[in-house]
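Below is the file query27.cif, which contains mmCIF, C-alpha atoms.
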data_start
#
loop_
_atom_site.label_atom_id
_atom_site.label_comp_id
_atom_site.auth_asym_id
_atom_site.auth_seq_id
_atom_site.Cartn_x
_atom_site.Cartn_y
_atom_site.Cartn_z
CA MET Q 1 -99.02 75.34 -67.47
CA SER Q 2 -99.70 75.92 -63.89
CA ALA Q 3 -97.15 75.19 -61.17
CA LEU Q 4 -99.17 72.22 -59.96
CA ALA Q 5 -99.15 70.63 -63.37
CA GLN Q 6 -95.36 71.10 -63.73
CA ALA Q 7 -94.74 69.40 -60.38
CA PHE Q 8 -96.92 66.49 -61.32
CA ALA Q 9 -95.06 66.07 -64.63
CA ARG Q 10 -91.65 65.97 -62.90
CA ALA Q 11 -92.86 63.36 -60.42
CA SER Q 12 -94.07 61.09 -63.20
CA LEU Q 13 -90.63 61.13 -64.90
CA ARG Q 14 -88.67 60.04 -61.71
CA PRO Q 15 -88.15 56.17 -61.61
CA ALA Q 16 -89.62 54.31 -58.71
CA ALA Q 17 -87.34 53.15 -55.93
CA SER Q 18 -88.38 49.53 -56.33
CA THR Q 19 -87.58 49.59 -60.03
CA ASN Q 20 -84.10 51.04 -59.38
CA ALA Q 21 -83.42 48.34 -56.76
CA LEU Q 22 -84.28 45.59 -59.23
CA ALA Q 23 -82.10 47.10 -61.94
CA HIS Q 24 -79.10 47.54 -59.65
CA PRO Q 25 -78.98 44.78 -57.00
CA PRO Q 26 -76.78 45.45 -53.92
CA ARG Q 27 -73.19 44.31 -54.10
CA THR Q 28 -72.11 41.34 -51.97
CA ARG Q 29 -68.52 40.46 -50.84
CA PRO Q 30 -67.14 37.42 -52.70
CA PRO Q 31 -66.35 34.35 -50.58
CA ARG Q 32 -62.88 34.42 -48.96
CA ALA Q 33 -60.37 32.11 -50.58
CA SER Q 34 -59.08 29.20 -48.50
CA CYS Q 35 -55.54 29.38 -47.16
CA SER Q 36 -54.87 25.77 -48.11
CA SER Q 37 -51.87 25.30 -50.44
CA HIS Q 38 -53.95 22.91 -52.54
CA SER Q 39 -56.35 25.66 -53.80
CA HIS Q 40 -54.76 29.05 -53.14
CA PRO Q 41 -54.15 30.76 -56.49
CA LEU Q 42 -50.99 32.49 -55.21
CA VAL Q 43 -49.15 29.22 -54.35
CA PRO Q 44 -47.02 27.99 -57.30
CA SER Q 45 -47.94 24.66 -58.80
CA ARG Q 46 -44.52 23.15 -57.91
CA VAL Q 47 -45.04 23.97 -54.24
CA ARG Q 48 -48.48 22.42 -54.34
CA ALA Q 49 -47.02 19.29 -55.96
CA LEU Q 50 -44.40 18.98 -53.20
CA SER Q 51 -47.03 19.52 -50.56
CA ASN Q 52 -49.19 16.77 -52.06
CA ALA Q 53 -46.22 14.37 -52.07
CA LEU Q 54 -45.57 14.75 -48.34
CA PRO Q 55 -47.06 12.02 -46.13
CA ALA Q 56 -49.92 12.91 -43.87
CA PRO Q 57 -48.78 13.68 -40.29
CA SER Q 58 -49.21 10.88 -37.82
CA ALA Q 59 -51.64 11.40 -34.98
CA GLY Q 60 -49.57 9.47 -32.45
CA PRO Q 61 -45.91 9.62 -31.32
CA PRO Q 62 -43.22 8.34 -33.74
CA THR Q 63 -42.53 4.64 -33.60
CA ARG Q 64 -39.41 2.61 -34.40
CA SER Q 65 -40.83 1.68 -37.81
CA SER Q 66 -41.66 5.29 -38.71
CA VAL Q 67 -38.28 6.77 -37.80
CA SER Q 68 -35.31 5.96 -40.02
CA ILE Q 69 -32.14 5.66 -37.93
CA PRO Q 70 -28.83 5.21 -39.80
CA LEU Q 71 -26.96 2.12 -38.76
CA ALA Q 72 -23.49 2.48 -37.30
CA ARG Q 73 -20.65 1.43 -39.57
CA ALA Q 74 -19.06 -1.81 -38.54
CA PHE Q 75 -15.33 -1.81 -38.00
CA HIS Q 76 -13.22 -4.80 -38.80
CA SER Q 77 -9.85 -5.64 -37.31
CA THR Q 78 -7.43 -8.53 -37.55
CA ARG Q 79 -7.48 -10.76 -34.52
CA VAL Q 80 -4.18 -10.66 -32.63
CA ALA Q 81 -2.75 -14.05 -31.79
CA LEU Q 82 -2.47 -14.57 -28.05
CA HIS Q 83 0.82 -15.91 -26.71
CA GLY Q 84 1.72 -17.36 -23.36
CA GLY Q 85 -0.26 -19.37 -20.85
CA ILE Q 86 0.11 -22.66 -22.71
CA LYS Q 87 -0.82 -25.92 -21.05
CA ARG Q 88 2.01 -28.34 -20.40
CA PRO Q 89 1.38 -31.85 -21.69
CA GLN Q 90 1.81 -34.96 -19.60
CA PRO Q 91 5.47 -36.01 -19.52
CA GLY Q 92 6.34 -38.21 -22.47
CA THR Q 93 3.25 -37.24 -24.49
CA GLY Q 94 4.27 -33.85 -25.94
CA ILE Q 95 6.47 -32.61 -28.75
CA LYS Q 96 10.09 -32.18 -27.64
CA VAL Q 97 11.84 -28.84 -28.12
CA HIS Q 98 15.53 -28.31 -27.41
CA PHE Q 99 16.83 -24.87 -26.46
CA LYS Q 100 20.48 -23.83 -26.76
CA ASP Q 101 22.31 -20.61 -25.95
CA SER Q 102 24.30 -18.56 -28.47
CA LYS Q 103 27.43 -20.67 -27.83
CA GLY Q 104 25.66 -23.92 -28.60
CA ASN Q 105 25.34 -25.03 -24.98
CA HIS Q 106 22.23 -27.01 -24.15
CA LEU Q 107 19.84 -25.02 -21.97
CA LYS Q 108 16.76 -27.16 -21.58
CA THR Q 109 14.62 -29.77 -23.31
CA VAL Q 110 10.90 -29.27 -22.83
CA GLU Q 111 7.63 -30.68 -24.12
CA ALA Q 112 4.75 -28.77 -25.63
CA ASN Q 113 1.55 -29.37 -27.56
CA GLU Q 114 0.84 -29.18 -31.26
CA GLY Q 115 0.04 -25.57 -32.22
CA ASP Q 116 2.13 -23.98 -29.44
CA ASP Q 117 4.70 -21.45 -30.65
CA ILE Q 118 8.37 -21.24 -29.67
CA LEU Q 119 7.97 -17.88 -27.91
CA SER Q 120 5.15 -19.09 -25.64
CA ILE Q 121 7.01 -22.33 -24.93
CA ALA Q 122 10.13 -20.40 -23.93
CA HIS Q 123 8.15 -18.19 -21.55
CA GLU Q 124 6.36 -21.18 -20.03
CA TYR Q 125 9.66 -22.89 -19.22
CA ASP Q 126 11.59 -19.73 -18.20
CA ILE Q 127 13.83 -19.61 -21.26
CA ASP Q 128 15.35 -16.13 -21.74
CA LEU Q 129 13.56 -15.22 -24.97
CA GLU Q 130 12.23 -11.67 -24.79
CA GLY Q 131 9.31 -11.12 -27.19
CA ALA Q 132 8.85 -7.38 -26.53
CA CYS Q 133 5.85 -6.99 -28.88
CA GLU Q 134 4.09 -10.04 -27.39
CA GLY Q 135 3.87 -11.87 -30.68
CA SER Q 136 2.36 -9.10 -32.81
CA VAL Q 137 5.25 -9.30 -35.34
CA ALA Q 138 6.37 -5.76 -34.52
CA CYS Q 139 9.90 -6.53 -33.30
CA SER Q 140 12.67 -9.09 -33.69
CA THR Q 141 13.38 -9.86 -30.02
CA CYS Q 142 12.04 -13.42 -30.27
CA HIS Q 143 14.54 -14.22 -33.02
CA VAL Q 144 15.76 -17.81 -32.83
CA ILE Q 145 17.93 -19.97 -35.06
CA ILE Q 146 16.33 -23.28 -36.07
CA ASP Q 147 18.38 -26.36 -36.85
CA PRO Q 148 18.54 -26.94 -40.63
CA ASP Q 149 16.72 -30.31 -40.60
CA HIS Q 150 13.61 -28.86 -39.02
CA TYR Q 151 13.86 -25.46 -40.70
CA ASP Q 152 13.00 -27.05 -44.04
CA LEU Q 153 9.78 -28.43 -42.53
CA LEU Q 154 8.50 -24.97 -41.62
CA PRO Q 155 6.17 -22.97 -43.89
CA GLU Q 156 7.69 -19.97 -45.64
CA PRO Q 157 7.73 -16.79 -43.50
CA GLU Q 158 5.23 -14.05 -44.34
CA ASP Q 159 6.35 -10.62 -45.52
CA ASP Q 160 5.86 -8.98 -42.11
CA GLU Q 161 8.07 -11.62 -40.48
CA ASN Q 162 10.76 -11.12 -43.12
CA ASP Q 163 10.66 -7.37 -42.48
CA MET Q 164 11.34 -7.91 -38.77
CA LEU Q 165 14.02 -10.52 -39.44
CA ASP Q 166 15.90 -7.95 -41.53
CA MET Q 167 16.42 -6.00 -38.29
CA ALA Q 168 17.41 -9.03 -36.21
CA PHE Q 169 20.86 -9.22 -34.65
CA GLY Q 170 23.01 -12.12 -35.94
CA LEU Q 171 20.64 -13.12 -38.77
CA THR Q 172 21.33 -16.54 -40.33
CA ASP Q 173 19.85 -18.60 -43.16
CA THR Q 174 17.69 -20.54 -40.70
CA SER Q 175 16.53 -17.60 -38.57
CA ARG Q 176 12.85 -17.30 -37.67
CA LEU Q 177 10.74 -15.36 -35.21
CA GLY Q 178 9.84 -17.65 -32.34
CA CYS Q 179 6.27 -16.31 -32.23
CA GLN Q 180 5.72 -17.54 -35.79
CA VAL Q 181 7.06 -21.07 -35.37
CA ARG Q 182 4.17 -23.33 -34.31
CA LEU Q 183 4.76 -26.93 -33.45
CA THR Q 184 3.54 -29.84 -35.51
CA LYS Q 185 4.18 -33.54 -34.97
CA GLU Q 186 6.82 -33.43 -37.71
CA LEU Q 187 8.77 -30.88 -35.66
CA ASP Q 188 9.33 -33.24 -32.73
CA GLY Q 189 12.95 -32.78 -31.55
CA ILE Q 190 13.35 -29.29 -33.05
CA THR Q 191 16.26 -27.20 -31.74
CA ALA Q 192 15.95 -23.45 -31.21
CA THR Q 193 19.19 -21.59 -30.57
CA LEU Q 194 19.12 -18.14 -29.01
CA PRO Q 195 21.19 -15.44 -30.79
CA ALA Q 196 24.07 -13.67 -29.05
CA ALA Q 197 21.93 -10.51 -28.71
CA THR Q 198 18.59 -9.06 -29.71
CA ARG Q 199 17.88 -5.67 -31.25
CA ASN Q 200 14.70 -4.21 -29.79
CA MET Q 201 13.20 -1.75 -32.26
CA PHE Q 202 9.79 -1.97 -30.58
CA VAL Q 203 10.83 0.22 -27.62
CA ASP Q 204 12.61 3.47 -28.52
CA GLY Q 205 16.13 3.67 -27.18
CA LYS Q 206 16.29 0.00 -26.19
CA LYS Q 207 19.82 -1.38 -26.47
CA PRO Q 208 20.53 -4.93 -27.69
CA ALA Q 209 20.07 -7.48 -24.95
CA HIS Q 210 22.76 -10.12 -24.67
CA HIS Q 211 21.86 -13.75 -23.95
#
Translate this structure into structure tokens?
Amino acid sequence: MSALAQAFARASLRPAASTNALAHPPRTRPPRASCSSHSHPLVPSRVRALSNALPAPSAGPPTRSSVSIPLARAFHSTRVALHGGIKRPQPGTGIKVHFKDSKGNHLKTVEANEGDDILSIAHEYDIDLEGACEGSVACSTCHVIIDPDHYDLLPEPEDDENDMLDMAFGLTDTSRLGCQVRLTKELDGITATLPAATRNMFVDGKKPAHH
């Protein structure tokens, strides 16, 4: 076979370029995966679930209804009874209270209103009754001795009053704290006798005051 015939035979065996292109189409880059946590295959399913549960962000600034603010805890305290500054009744219209010193001598007879306490009455009329704790039942310096007839008309003392009376100087069976004795109409004519001394445990180092 001549050289020309051999060249022609080799050319006929080589596949055409168009046929090779159809058999092997050009490769194309796959589409890039989205970075969203809802579709990314690398994000765990639990993370996607938490992301789906979160509320959509608000477009505007936060409002009072959208922001949860913890409320402050309320504190409760017992109201302290205020003593002093009582109003004197018109003469002859009030409840009579007799004050005596530790020797039984009459000091003064005064008038007060229903609900007034012995300590405030004494201060209003310049009776020497101390009351260092100002009626907060934290001392025994307003200790007075009530006459037996009117003592039985008084309500029983509370535990805190009994605790202070245990420290009172010259304690008797009819001793009470003046700040805890409030007048009623049945107590008209009550007699409050001052003890010979008072023991002030409210102020450190305070010595008994003699009346």
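The closest residue to Thr141 (chain Q), picked from Q:Ala197, Q:Ala192, Q:Ile118, Q:Leu153 and counting all atoms listed in the file, is Q:Ala197.
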Mind telling me what the PyMOL selection byres ((chain Q and resi 186-188) around 6) catches here, as number ranges by chain? Q: 95-96, 184-185, 189-190
Explicit residues for the PyMOL selection byres ((chain Q and resi 116) around 10) (as a list in words): His83, Gly84, Ile86, Lys87, Ile95, Ala112, Asn113, Glu114, Gly115, Asp117, Ile118, Leu119, Ser120, Ile121, Cys179, Gln180, Val181, Arg182, Leu183 and Thr184 of chain Q
Determine the residue set returned by the PyMOL selection byres ((chain Q and resi 135-140) around 6) for the present structure, and present it as a PyMOL selection string. chain Q and resi 133-134+141-143+164+168+179+201-202
Nearest to Met167 (chain Q) among Q:Tyr125, Q:Asp147, Q:Thr198, Q:Val110, with distances taken over all atoms listed in the file: which residue is it? Q:Thr198
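Note that CA of Thr193 (chain Q) and CA of Leu171 (chain Q) are 11.9 Å apart.
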Could you work out how far CA of Thr191 (chain Q) lies from CA of His98 (chain Q), giving the answer in Å with one decimal? 4.5 Å
One residue among Q:Leu177, Q:Ala196, Q:Leu107, Q:Val97 is nearest to Val144 (chain Q) when using all atoms listed in the file, and that residue is Q:Leu177
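Taking CA of Leu194 (chain Q) and CA of Ser102 (chain Q) as the two end points, the separation is 5.2 Å.
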Which polymer residues have any atom within 12 Å of an atom of Glu156 (chain Q), counting only C-alpha atoms, with same-chain residues fewer than 2 positions away left out, as a VMD selection string? chain Q and resid 151 to 154 158 to 162 174 to 177 180 to 181
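Distances from Q:Pro157, Q:Gly178, Q:Pro89, Q:Pro148 to Ala122 (chain Q) were compared using all atoms listed in the file, and the smallest one belongs to Q:Gly178.
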